[in-house]
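**Q** So that you have it, the file is input-v6.csv, and it contains CSV, C-alpha atoms:
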```
chain,number,residue,atom,x,y,z
A,337,MET,CA,21.1,-11.6,-27.3
A,338,ASN,CA,22.1,-8.3,-28.9
A,339,GLU,CA,18.9,-8.2,-30.9
A,340,THR,CA,16.9,-8.8,-27.8
A,341,LYS,CA,18.8,-6.1,-25.9
A,342,GLN,CA,18.2,-3.7,-28.8
A,343,THR,CA,14.5,-4.5,-28.9
A,344,PHE,CA,14.0,-3.8,-25.2
A,345,ASN,CA,16.2,-0.6,-25.4
A,346,SER,CA,14.0,0.7,-28.2
A,347,SER,CA,10.9,2.8,-27.7
A,348,LEU,CA,8.8,-0.2,-28.7
A,349,GLY,CA,10.6,-2.4,-26.3
A,350,LYS,CA,10.0,0.1,-23.4
A,351,LYS,CA,6.3,0.3,-24.3
A,352,LEU,CA,6.1,-3.5,-24.3
A,353,ILE,CA,7.6,-3.6,-20.8
A,354,MET,CA,5.2,-0.8,-19.7
A,355,ALA,CA,2.3,-2.9,-21.1
A,356,LEU,CA,3.3,-6.1,-19.4
A,357,THR,CA,4.1,-4.6,-16.0
A,358,GLY,CA,0.8,-2.6,-16.3
A,359,LEU,CA,-1.3,-5.7,-16.9
A,360,PHE,CA,0.5,-7.5,-14.0
A,361,LEU,CA,-0.4,-4.5,-11.8
A,362,CYS,CA,-4.0,-4.7,-13.0
A,363,THR,CA,-4.2,-8.3,-11.9
A,364,PHE,CA,-2.8,-7.4,-8.5
A,365,LEU,CA,-5.5,-4.7,-8.1
A,366,ILE,CA,-8.3,-7.4,-8.5
A,367,VAL,CA,-6.6,-9.6,-5.8
A,368,HIS,CA,-5.9,-6.6,-3.5
A,369,LEU,CA,-9.5,-5.4,-3.7
A,370,GLY,CA,-10.8,-8.8,-3.0
A,371,GLY,CA,-8.7,-9.0,0.2
A,372,ASN,CA,-9.6,-5.4,1.2
A,373,LEU,CA,-13.3,-6.1,0.9
A,374,LEU,CA,-12.9,-8.2,4.1
A,375,LEU,CA,-12.9,-4.8,5.9
A,376,PHE,CA,-16.7,-4.8,5.3
A,377,LYS,CA,-17.2,-7.9,7.3
A,378,HIS,CA,-18.7,-7.1,10.8
A,379,ASP,CA,-16.3,-9.3,12.7
A,380,ASP,CA,-14.1,-6.6,14.5
A,381,GLY,CA,-11.3,-7.0,11.9
A,382,TYR,CA,-10.9,-10.8,12.4
A,383,SER,CA,-11.0,-11.8,8.7
A,384,PHE,CA,-8.9,-8.8,7.6
A,385,ASN,CA,-6.2,-9.3,10.3
A,386,VAL,CA,-5.9,-13.0,9.4
A,387,TYR,CA,-5.6,-12.0,5.7
A,388,ALA,CA,-2.9,-9.4,6.5
A,389,ASN,CA,-0.9,-12.0,8.5
A,390,PHE,CA,-1.2,-14.5,5.7
A,391,LEU,CA,0.1,-12.0,3.1
A,392,THR,CA,3.2,-11.2,5.2
A,393,HIS,CA,4.1,-14.7,6.4
A,394,PHE,CA,3.4,-17.1,3.5
A,395,PRO,CA,6.7,-17.4,1.6
A,396,PRO,CA,5.2,-17.7,-2.0
A,397,ILE,CA,3.1,-14.6,-1.4
A,398,GLU,CA,6.1,-12.7,-0.1
A,399,VAL,CA,8.0,-13.6,-3.3
A,400,ILE,CA,5.1,-12.3,-5.4
A,401,ALA,CA,5.1,-9.2,-3.3
A,402,TYR,CA,8.7,-8.4,-4.2
A,403,VAL,CA,7.9,-9.0,-7.8
A,404,LEU,CA,5.1,-6.5,-7.4
A,405,TYR,CA,7.4,-3.9,-5.9
A,406,ALA,CA,9.8,-4.4,-8.8
A,407,ALA,CA,6.9,-4.1,-11.3
A,408,ILE,CA,5.8,-0.8,-9.8
A,409,LEU,CA,9.4,0.6,-9.9
A,410,VAL,CA,10.0,-0.6,-13.5
A,411,HIS,CA,6.6,0.7,-14.7
A,412,THR,CA,7.3,4.1,-13.1
A,413,LEU,CA,10.9,4.2,-14.4
A,414,TYR,CA,10.0,3.4,-18.0
A,415,ALA,CA,7.1,5.8,-17.9
A,416,ILE,CA,9.5,8.6,-16.9
A,417,ILE,CA,12.0,7.6,-19.7
A,418,LEU,CA,9.3,7.5,-22.4
A,419,THR,CA,7.6,10.8,-21.2
A,420,THR,CA,11.0,12.6,-21.1
A,421,LYS,CA,11.9,11.2,-24.6
A,422,ASN,CA,8.6,12.3,-26.1
A,423,ARG,CA,9.0,15.8,-24.7
A,424,LYS,CA,12.5,16.1,-26.0
A,425,ALA,CA,11.3,15.0,-29.4
A,426,ARG,CA,8.8,17.9,-29.4
A,427,PRO,CA,10.1,20.5,-27.0
A,428,VAL,CA,7.8,23.3,-28.4
A,429,ASN,CA,4.1,23.0,-28.6
A,430,TYR,CA,2.4,23.6,-31.9
A,431,ALA,CA,1.5,27.3,-32.4
A,432,VAL,CA,-2.0,26.4,-33.6
A,433,GLY,CA,-3.9,23.7,-31.7
A,434,THR,CA,-5.7,21.1,-33.6
A,435,LYS,CA,-8.7,19.1,-32.7
A,436,SER,CA,-8.2,15.5,-31.9
A,437,ASP,CA,-9.8,12.5,-30.3
A,438,VAL,CA,-7.0,12.1,-27.8
A,439,SER,CA,-8.5,11.6,-24.4
A,440,PHE,CA,-7.6,13.6,-21.3
A,441,ALA,CA,-6.0,10.4,-19.7
A,442,SER,CA,-3.8,9.7,-22.7
A,443,LYS,CA,-2.5,13.3,-22.7
A,444,ASN,CA,-1.8,13.3,-19.0
A,445,MET,CA,-0.6,9.8,-18.2
A,446,GLY,CA,2.6,11.2,-16.8
A,447,LEU,CA,0.8,13.5,-14.3
A,448,LEU,CA,-1.7,10.8,-13.4
A,449,GLY,CA,1.1,8.3,-12.9
A,450,SER,CA,3.0,10.7,-10.7
A,451,ILE,CA,0.0,11.2,-8.4
A,452,LEU,CA,-0.5,7.5,-8.2
A,453,PHE,CA,3.1,6.9,-7.3
A,454,LEU,CA,2.9,9.4,-4.5
A,455,PHE,CA,-0.3,7.7,-3.3
A,456,ILE,CA,1.4,4.3,-3.3
A,457,VAL,CA,4.4,5.6,-1.3
A,458,ILE,CA,2.1,7.1,1.3
A,459,HIS,CA,-0.3,4.1,1.3
A,460,MET,CA,2.6,1.6,1.8
A,461,SER,CA,4.2,3.7,4.4
A,462,ASP,CA,1.0,3.9,6.4
A,463,PHE,CA,0.0,0.2,6.2
A,464,TRP,CA,2.7,-2.2,4.8
A,465,PHE,CA,5.7,-0.5,6.5
A,466,THR,CA,3.8,0.0,9.8
A,467,TYR,CA,2.8,-3.7,9.8
A,468,LYS,CA,6.2,-5.0,9.0
A,469,PHE,CA,8.5,-2.7,11.0
A,470,ASP,CA,6.5,-0.5,13.4
A,471,VAL,CA,4.7,-1.2,16.6
A,472,LEU,CA,1.0,-2.3,16.2
A,473,PRO,CA,-1.4,-3.4,18.9
A,474,PHE,CA,-2.4,-7.0,19.0
A,475,LYS,CA,-5.9,-8.5,19.1
A,476,GLU,CA,-7.1,-11.8,20.7
A,477,TYR,CA,-10.1,-13.5,19.2
A,478,HIS,CA,-12.0,-16.3,20.9
A,479,THR,CA,-14.2,-18.3,18.5
A,480,ASN,CA,-16.5,-20.8,20.2
A,481,LEU,CA,-16.3,-24.0,18.1
A,482,LEU,CA,-19.8,-25.0,19.0
A,483,SER,CA,-21.7,-21.8,18.4
A,484,GLY,CA,-19.3,-20.1,15.9
A,485,VAL,CA,-19.6,-16.9,17.9
A,486,THR,CA,-16.3,-14.8,18.0
A,487,THR,CA,-15.4,-12.3,20.7
A,488,SER,CA,-12.3,-10.1,20.9
A,489,GLN,CA,-10.1,-8.3,23.3
A,490,ALA,CA,-6.7,-6.5,23.4
A,491,PHE,CA,-3.7,-8.7,23.8
A,492,THR,CA,-0.1,-7.8,24.9
A,493,PRO,CA,2.6,-10.3,23.8
A,494,GLU,CA,5.5,-11.0,26.1
A,495,SER,CA,8.1,-10.9,23.3
A,496,LYS,CA,8.7,-8.3,20.6
A,497,GLU,CA,9.2,-11.2,18.1
A,498,PHE,CA,5.7,-12.4,18.6
A,499,GLU,CA,3.6,-12.4,15.4
A,500,LYS,CA,0.7,-14.9,15.6
A,501,SER,CA,-0.5,-17.8,17.6
A,502,VAL,CA,-3.5,-20.2,17.3
A,503,ALA,CA,-4.6,-22.5,20.1
A,504,THR,CA,-7.6,-24.4,21.3
A,505,VAL,CA,-8.7,-23.8,24.8
A,506,GLY,CA,-11.7,-25.8,25.8
A,507,ASN,CA,-14.4,-25.2,23.2
A,508,ASP,CA,-12.7,-22.0,22.0
A,509,GLU,CA,-10.2,-21.4,19.2
A,510,VAL,CA,-7.9,-18.6,20.4
A,511,LEU,CA,-6.2,-16.5,17.8
A,512,ARG,CA,-3.7,-13.8,18.6
A,513,VAL,CA,-2.6,-11.6,15.8
A,514,LYS,CA,-1.4,-8.0,14.9
A,515,ASP,CA,-4.4,-5.6,14.7
A,516,LEU,CA,-3.9,-3.9,11.3
A,517,HIS,CA,-7.6,-3.3,11.3
A,518,ALA,CA,-7.1,-0.8,14.1
A,519,ARG,CA,-4.6,1.1,12.0
A,520,VAL,CA,-7.1,1.2,9.1
A,521,THR,CA,-9.8,2.5,11.4
A,522,GLN,CA,-7.5,5.2,12.7
A,523,SER,CA,-6.2,6.3,9.3
A,524,PHE,CA,-9.7,6.5,7.8
A,525,SER,CA,-10.9,8.7,10.7
A,526,HIS,CA,-9.0,11.6,9.2
A,527,LEU,CA,-10.9,13.6,6.6
A,528,TRP,CA,-7.8,14.8,4.7
A,529,TYR,CA,-6.6,11.2,4.3
A,530,VAL,CA,-10.0,10.0,3.1
A,531,ALA,CA,-10.2,12.9,0.6
A,532,PHE,CA,-6.7,12.2,-0.7
A,533,TYR,CA,-7.6,8.5,-1.0
A,534,VAL,CA,-10.7,9.2,-3.0
A,535,ILE,CA,-8.9,11.7,-5.3
A,536,ALA,CA,-6.2,9.0,-5.9
A,537,MET,CA,-9.0,6.5,-6.9
A,538,VAL,CA,-10.4,9.0,-9.4
A,539,VAL,CA,-6.9,9.4,-10.8
A,540,LEU,CA,-6.6,5.6,-10.9
A,541,SER,CA,-9.8,5.4,-12.9
A,542,PHE,CA,-8.5,7.7,-15.6
A,543,HIS,CA,-5.1,5.9,-15.6
A,544,LEU,CA,-6.6,2.4,-15.9
A,545,LYS,CA,-9.1,3.4,-18.5
A,546,HIS,CA,-6.4,4.4,-20.9
A,547,GLY,CA,-3.6,2.1,-19.7
A,548,PHE,CA,-5.6,-1.1,-19.8
A,549,GLN,CA,-6.8,-0.7,-23.4
A,550,SER,CA,-3.4,0.8,-24.5
A,551,SER,CA,-1.6,-2.3,-23.2
A,552,PHE,CA,-3.5,-4.6,-25.5
A,553,HIS,CA,-2.8,-2.4,-28.5
A,554,THR,CA,0.9,-2.3,-27.7
A,555,LEU,CA,1.2,-6.0,-27.3
A,556,GLY,CA,-0.9,-6.6,-30.4
A,557,TRP,CA,-3.4,-8.6,-28.5
A,558,ILE,CA,-6.4,-6.8,-29.9
A,559,HIS,CA,-8.7,-8.0,-32.6
A,560,ARG,CA,-12.0,-6.6,-33.9
A,561,LYS,CA,-13.8,-9.7,-32.5
A,562,TYR,CA,-12.6,-9.0,-28.9
A,563,LYS,CA,-12.0,-5.2,-29.1
A,564,SER,CA,-15.4,-4.4,-27.7
A,565,LEU,CA,-14.9,-6.9,-24.8
A,566,ILE,CA,-11.5,-5.4,-24.0
A,567,TYR,CA,-12.9,-1.9,-24.0
A,568,PHE,CA,-15.8,-3.0,-21.8
A,569,VAL,CA,-13.6,-4.6,-19.2
A,570,GLY,CA,-11.2,-1.7,-19.3
A,571,THR,CA,-14.0,0.8,-18.7
A,572,TRP,CA,-16.5,-0.9,-16.4
A,573,VAL,CA,-14.2,-3.3,-14.4
A,574,PHE,CA,-10.9,-1.4,-14.2
A,575,ALA,CA,-12.1,2.3,-14.6
A,576,VAL,CA,-15.3,2.0,-12.6
A,577,LEU,CA,-15.8,-1.0,-10.3
A,578,ILE,CA,-12.2,-1.3,-9.0
A,579,PRO,CA,-11.7,2.4,-8.1
A,580,LEU,CA,-15.2,2.5,-6.6
A,581,GLY,CA,-14.5,-0.5,-4.5
A,582,PHE,CA,-11.3,1.0,-3.1
A,583,ALA,CA,-12.8,4.4,-2.6
A,584,ALA,CA,-15.8,3.0,-0.7
A,585,MET,CA,-13.6,1.7,2.1
A,586,PRO,CA,-12.3,5.0,3.5
A,587,VAL,CA,-15.6,6.7,3.0
A,588,VAL,CA,-17.6,4.1,4.9
A,589,TYR,CA,-15.0,3.9,7.7
A,590,TYR,CA,-14.9,7.7,8.0
A,591,LEU,CA,-18.7,8.0,8.1
A,592,LEU,CA,-18.9,5.2,10.8
A,593,SER,CA,-16.0,6.5,12.8
A,594,PRO,CA,-16.9,7.8,16.3
A,595,ASN,CA,-13.6,9.8,16.3
A,596,LYS,CA,-13.8,11.8,13.1
A,597,GLN,CA,-10.9,14.3,12.6
A,598,LEU,CA,-9.8,16.7,10.0
```
Give the structure from this file in structure tokens form.
**A**
Amino acid sequence: MNETKQTFNSSLGKKLIMALTGLFLCTFLIVHLGGNLLLFKHDDGYSFNVYANFLTHFPPIEVIAYVLYAAILVHTLYAIILTTKNRKARPVNYAVGTKSDVSFASKNMGLLGSILFLFIVIHMSDFWFTYKFDVLPFKEYHTNLLSGVTTSQAFTPESKEFEKSVATVGNDEVLRVKDLHARVTQSFSHLWYVAFYVIAMVVLSFHLKHGFQSSFHTLGWIHRKYKSLIYFVGTWVFAVLIPLGFAAMPVVYYLLSPNKQL
């Protein structure tokens, strides 16, 4: 037990925790992007609102969500500890700079991580906190079971505790659910918010490019056979496709918004 404790209290142990939590967060990003891509369906938010309700009311998902929050906090805490320790170990910069192959991302992971943490706080406050604890409008969807056509209208529940209902009325399936899609549309109608979101995704790209590859090195899970594959996935999947996918949502919603604001 003491040896295990000493291992995780060491610099190497802290890096291992950083690597494991980082890879867990990478996995979450893939799932999160997949869910958010439902915003591109032309169904007046039906699929996205169902998805949002599922995430916040399915117990196993709620448990994973709290593990995710813990992973974010642990990853951030250990990043601060390691960054502070490294700076204390070399408090004064070298008088003469030397050329090196160290990338911009590896030299500025602390700054990149700080910007991302700020983005996560704002993002969760705007969407997750609002969905869970604030007042959101409700939407009523009528899906004709014969034709498959879905129509929607505003809905006002009689009770504050109301969350969701599904019923069959004649040939229609009637779904009443919180309209998080309306919140997304409103938030992405502000140019400053869209700009901040896109900048955060650029930061995420740099952070993931270095962090993903570095995690495999830290864990010793890299071999010359698979090194090129790991670098390919780290670059094209995590540093390009995922940030682009997230950045596309606010840009498209802003461009299509009839109520654009600064």
**Q** May I have the residues within 12 Å of Lys500 (chain A) as a list in words, using only C-alpha atoms and disregarding those fewer than 6 positions away in the same chain?
**A**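 Once the nearby chain positions are removed, what remains is Asn385, Val386, Ala388, Asn389, Phe390, Thr392, His393, Phe474, Lys475, Glu476, Tyr477, Phe491, Thr492, Pro493, Val510, Leu511, Arg512, Val513, Lys514 and Asp515 of chain A.
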**Q** For each of A:Gly370, A:Pro395, A:Gly358, A:Gly547, take the minimum atom-to-atom distance to Ile408 (chain A), counting all atoms listed in the file, then give the residue where this is smallest.
**A**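 Of A:Gly370, A:Pro395, A:Gly358, A:Gly547, the one nearest Ile408 (chain A) is A:Gly358, counting all atoms listed in the file.
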**Q** Grab the CA of Gly446 (chain A) to CA of Glu398 (chain A) distance for me, in Å with one decimal place.
**A**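 About the pair CA of Gly446 (chain A) and CA of Glu398 (chain A): they are 29.4 Å apart.
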**Q** Could the residues of region 338-408 of chain A that have an atom at most 10 Å from region 563-585 of chain A be listed as CSV, each with its closest atom pair and the distance in Å to one decimal, counting all atoms listed in the file and ordered by chain and ascending residue number?
**A**
```
residue,atom,partner,partner_atom,distance
A:Cys362,CA,A:Phe574,CA,7.7
A:Thr363,CA,A:Phe574,CA,9.9
A:Leu365,CA,A:Ile578,CA,7.6
A:Ile366,CA,A:Ile578,CA,7.3
A:His368,CA,A:Phe582,CA,9.3
A:Leu369,CA,A:Phe582,CA,6.7
A:Gly370,CA,A:Gly581,CA,9.2
A:Asn372,CA,A:Phe582,CA,7.9
A:Leu373,CA,A:Gly581,CA,7.9
A:Leu375,CA,A:Met585,CA,7.6
A:Phe376,CA,A:Met585,CA,7.9
```
**Q** If we count only C-alpha atoms and set the cut-off at 6 Å, which residues sit around Asp508 (chain A), ignoring sequence neighbours fewer than 5 positions away in its own chain? Please answer as a PyMOL selection string.
**A** chain A and resi 478-481
**Q** When distances are computed from all atoms listed in the file, which of A:Phe394, A:Tyr382, A:Ile400, A:Leu544 shows the smallest separation from Val485 (chain A)?
**A**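 Among the listed residues, A:Tyr382 lies closest to Val485 (chain A).
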**Q** Please provide the set of residues having any atom within 12 Å of His459 (chain A), restricted to only C-alpha atoms, with same-chain residues fewer than 5 positions apart removed, written as an mmCIF file with C-alpha atoms, in the coordinates of the input.
**A**
```cif
data_model
loop_
_atom_site.group_PDB
_atom_site.id
_atom_site.type_symbol
_atom_site.label_atom_id
_atom_site.label_comp_id
_atom_site.auth_asym_id
_atom_site.auth_seq_id
_atom_site.Cartn_x
_atom_site.Cartn_y
_atom_site.Cartn_z
ATOM 1 C CA LEU A 452 -0.500 7.500 -8.200
ATOM 2 C CA PHE A 453 3.100 6.900 -7.300
ATOM 3 C CA LEU A 454 2.900 9.400 -4.500
ATOM 4 C CA TRP A 464 2.700 -2.200 4.800
ATOM 5 C CA PHE A 465 5.700 -0.500 6.500
ATOM 6 C CA THR A 466 3.800 0.000 9.800
ATOM 7 C CA TYR A 467 2.800 -3.700 9.800
ATOM 8 C CA ARG A 519 -4.600 1.100 12.000
ATOM 9 C CA VAL A 520 -7.100 1.200 9.100
ATOM 10 C CA SER A 523 -6.200 6.300 9.300
ATOM 11 C CA PHE A 524 -9.700 6.500 7.800
ATOM 12 C CA TYR A 529 -6.600 11.200 4.300
ATOM 13 C CA VAL A 530 -10.000 10.000 3.100
ATOM 14 C CA PHE A 532 -6.700 12.200 -0.700
ATOM 15 C CA TYR A 533 -7.600 8.500 -1.000
ATOM 16 C CA ALA A 536 -6.200 9.000 -5.900
#
```
**Q** So, with all atoms listed in the file as the atoms that count, which of A:Asn507, A:Leu374, A:His526, A:Ile397 lies closest to Thr486 (chain A)?
**A**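 Closest residue, counting all atoms listed in the file: A:Asn507.
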**Q** For His546 (chain A), which residue out of A:Lys443, A:Lys561, A:His517, A:Lys468 is the nearest one, using all atoms listed in the file?
**A** A:Lys443
**Q** Quick one: pull the distance between CA of Trp528 (chain A) and CA of Gln597 (chain A), Å, one decimal.
**A** 8.5 Å
**Q** Take CA of Asp380 (chain A) and CA of Ala490 (chain A) and report the distance between them in Å, one decimal.
**A**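 We find that CA of Asp380 (chain A) and CA of Ala490 (chain A) lie 11.6 Å from each other.
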**Q** Using all atoms listed in the file for the distances, tell me which of A:Glu499, A:Leu591, A:His411, A:Ile456 is nearest to Leu359 (chain A).
**A**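 Under the stated criterion, the closest residue is A:His411.
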**Q** Just checking: using all atoms listed in the file, which residue out of A:Ser541, A:Ser495, A:Ser593, A:Ser483 ends up closest to Ser525 (chain A)?
**A**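 That would be A:Ser593, the residue with the smallest distance to Ser525 (chain A).
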**Q** Taking the structure I provided as the source, export region 383-398 of chain A with C-alpha atoms, as a short mmCIF file (atom, residue, chain, number, x, y, z; two decimals), in the first residue's frame.
**A**
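As a result, selection02.cif now contains:
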```cif
data_model
loop_
_atom_site.label_atom_id
_atom_site.label_comp_id
_atom_site.auth_asym_id
_atom_site.auth_seq_id
_atom_site.Cartn_x
_atom_site.Cartn_y
_atom_site.Cartn_z
CA SER A 383 -33.56 14.10 -31.64
CA PHE A 384 -31.30 16.40 -29.64
CA ASN A 385 -33.92 17.05 -26.94
CA VAL A 386 -34.58 13.31 -26.56
CA TYR A 387 -30.83 12.74 -26.32
CA ALA A 388 -30.44 15.47 -23.67
CA ASN A 389 -33.28 14.01 -21.60
CA PHE A 390 -31.76 10.53 -21.83
CA LEU A 391 -28.36 11.79 -20.63
CA THR A 392 -29.85 13.42 -17.55
CA HIS A 393 -32.33 10.73 -16.53
CA PHE A 394 -30.71 7.37 -17.27
CA PRO A 395 -28.99 6.32 -13.99
CA PRO A 396 -25.90 4.57 -15.49
CA ILE A 397 -25.23 7.63 -17.66
CA GLU A 398 -25.61 9.91 -14.63
#
```
